[in-house]
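Data block below; observations after.
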Amino acid sequence: MKFGILVNEGPYQHQASDSAYQFTKAALEKGHEVFRVFFYHDGVNNGTRLATPPQDDRNITVRWAELSDKYNLDLVICIAAAQRRGIVDEEEMKRQGKDASNLAPGFRISGLGQLIEAGIQSDRLIVFGD
Amino acid sequence: MGMLHVVNKSPFEKTSLDSCLVYAKEGAAILLIEDAVYAALKDTAVADKVRAALKKCKVYALEPDIKARGMEVAKVIDGIDVVNYGGFVDLATAYDNVHSWV
C-alpha cells in the first residue's frame with residue numbers, strides 16, 4: 001500500500017514528529033511504499049541541520065535523513081511555512097539575500113501542491129499533529 | 001471496512017475523544033496514541049465511556065505510548081487490543097480511511 005505522511009508539529013515540543021517517524025519506519029519495514037512525508041506549519045522545524053540535541057537524546061532531523069537515505073524517502077518542507085520560520089536552502093538563501101542556509105540533507109523545500117499530490121497519489125494520508 | 005479514528009489527546013485535557021465517539025460509526029475502529037492512551041486505563045472517569053464505545057467499535061491502544069507513560073498493559077480495559085507501530089500500519093491498511101483527531 002502507498003502512504004502519504006503529513007507532519008504538522010515541530011520536533012521536541014510535541015510527540016507528533018516522533019509518532020510520524022515511527023509509523024513511517026514501520027510502514028517501510030513492512031514493505032509498504034511511503035510516497036512522501038510532507039512537513040507543514042511548525043513541522044518544517046524537523047528539517048534544520050543546525051539543531052544539536054544532547055548526545056543521549058534522539059536526533060530527530062538526522063533520523064529522518066537516515067530513513068530517507070535508506071529507503072529513498074521524499075521529505076518535503078512547505079516553502080511558505082519554512083520562510084516564516086527561517087528554514088532556508090541554498091536557492092532560497094540566494095533568492096532572499098540571506099547569509100546562510102540551514103536545510104538538512106535528505107530534505108527539500110517545495111510548495112503545497114506536493115501535499116495535494118501526496119493526497120491524490122497515496123492510498124492513505126496519515127496526519128500527525130497536535 | 002469502515003474508518004480508523006486516531007485520537008492523540010488525553011480525555012482529561014481535551015474533548016477530541018468525545019468528538020470521535022460522537023462521529024464513529026458502528027464497525028469503525030478507534031486507535032488511542034500519545035496522551036490518548038490514558039483513556040485506555042481501567043478505573044478512570046472516562047472508563048465507562050470507553051467500555052460503551054467497545055460495544056459498537058473496536059478500540060486499540062499503542063503499546064509503546066502506554067509504556068512511555070509508565071503504565072502497565074495489564075491495567076488496560078478488557079476488550080481493548082494493544083498494538084505496536086507495525087499494528088498501527090496494519091490497521092491503517094485494513095480500514096478504508098484514516099482520520100486523525102488532531
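Starting from 1 in every chain, residues are counted up; chains themselves are A, B, ... following the order of the C-alpha cells, and ligands are numbered from 1 as listed.
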Inset, instruction - Could the residues of chain A within 6 Å of chain B, counting only C-alpha atoms, be given as a count of residues only, please? - result: 6
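Rounded to one decimal, atom CA of A:His32 and atom CA of A:Asp69 lie 16.3 Å from each other.
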Inset, instruction - Can you work out which one of B:Arg51, B:Lys58, B:Arg69, B:His5 has the shortest atom-to-atom distance to B:Tyr23, counting only C-alpha atoms? - result: B:His5
Inset, instruction - With a distance cut-off of 9 Å and only C-alpha atoms, select the neighbouring residues of A:Leu6, excluding the residue or stretch itself and same-chain residues fewer than 6 positions from it, and output the selection as a PyMOL selection string. - result: chain A and resi 20+36-40+43+115+125-129
Inset, instruction - May I have all residues of chain A that DSSP, computed from the backbone, assigns to helix (DSSP H, G or I), given as a ChimeraX atom specification? - result: /A:16-29,41-47,60-71,79-85,90-96,113-121
Inset, instruction - To one decimal in Å, tell me the separation between atom CA of A:Ile77 and atom CA of A:Lys98. - result: 18.3 Å
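Here atom CA of A:Ala82 is placed at a distance of 10.8 Å from atom CA of A:Arg108.
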Legend entry - Surrounding residues of stretch 45-55 of chain A excluding itself and chain neighbours under 4 positions, 6 Å, only C-alpha atoms, as a ChimeraX atom specification: /A:10-11,61,102-104
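If only C-alpha atoms are the atoms counted, then among A:Ser110, A:Gln83, A:Gln22, A:Gln15 the closest residue to A:Gln96 is A:Gln83.
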Inset, instruction - Using only C-alpha atoms, find the one residue out of B:Ile80, B:Val37, B:Leu4, B:Ala61 that sits nearest to B:Leu21. - result: B:Leu4
Inset, instruction - Assign secondary structure with DSSP using the backbone only, and return the residues of chain B in strand (DSSP E or B) as a PyMOL selection string. - result: chain B and resi 3-7+29-32+41+58-62+76+81-83+97-100
Skip B:Ala47 itself and residues of its chain fewer than 5 positions away, then list as a short mmCIF file (atom, residue, chain, number, x, y, z; two decimals) with C-alpha atoms, in the first residue's frame all residues within 12 Å of it, counting only C-alpha atoms.
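Final output, saved to out-v7.cif:
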data_model
loop_
_atom_site.label_atom_id
_atom_site.label_comp_id
_atom_site.auth_asym_id
_atom_site.auth_seq_id
_atom_site.Cartn_x
_atom_site.Cartn_y
_atom_site.Cartn_z
CA PRO B 11 -9.51 12.77 27.57
CA PHE B 12 -8.72 14.62 30.82
CA LEU B 17 -12.13 11.57 22.22
CA VAL B 37 -3.63 6.14 25.86
CA TYR B 38 -4.76 7.48 29.27
CA ALA B 39 -8.31 6.72 28.05
CA ALA B 40 -7.40 3.03 27.81
CA LEU B 41 -6.84 2.63 31.56
CA LYS B 42 -9.24 0.82 33.88
CA ALA B 52 -19.66 1.76 25.90
CA ALA B 53 -17.68 2.52 22.72
CA LEU B 54 -16.39 -1.06 22.70
CA LYS B 75 -4.25 -2.19 33.52
CA VAL B 76 -5.80 -1.61 30.10
CA ILE B 77 -9.60 -2.06 29.89
CA ASP B 78 -10.62 -5.58 28.83
CA GLY B 79 -11.54 -5.67 25.15
CA ILE B 80 -9.02 -3.02 24.09
#
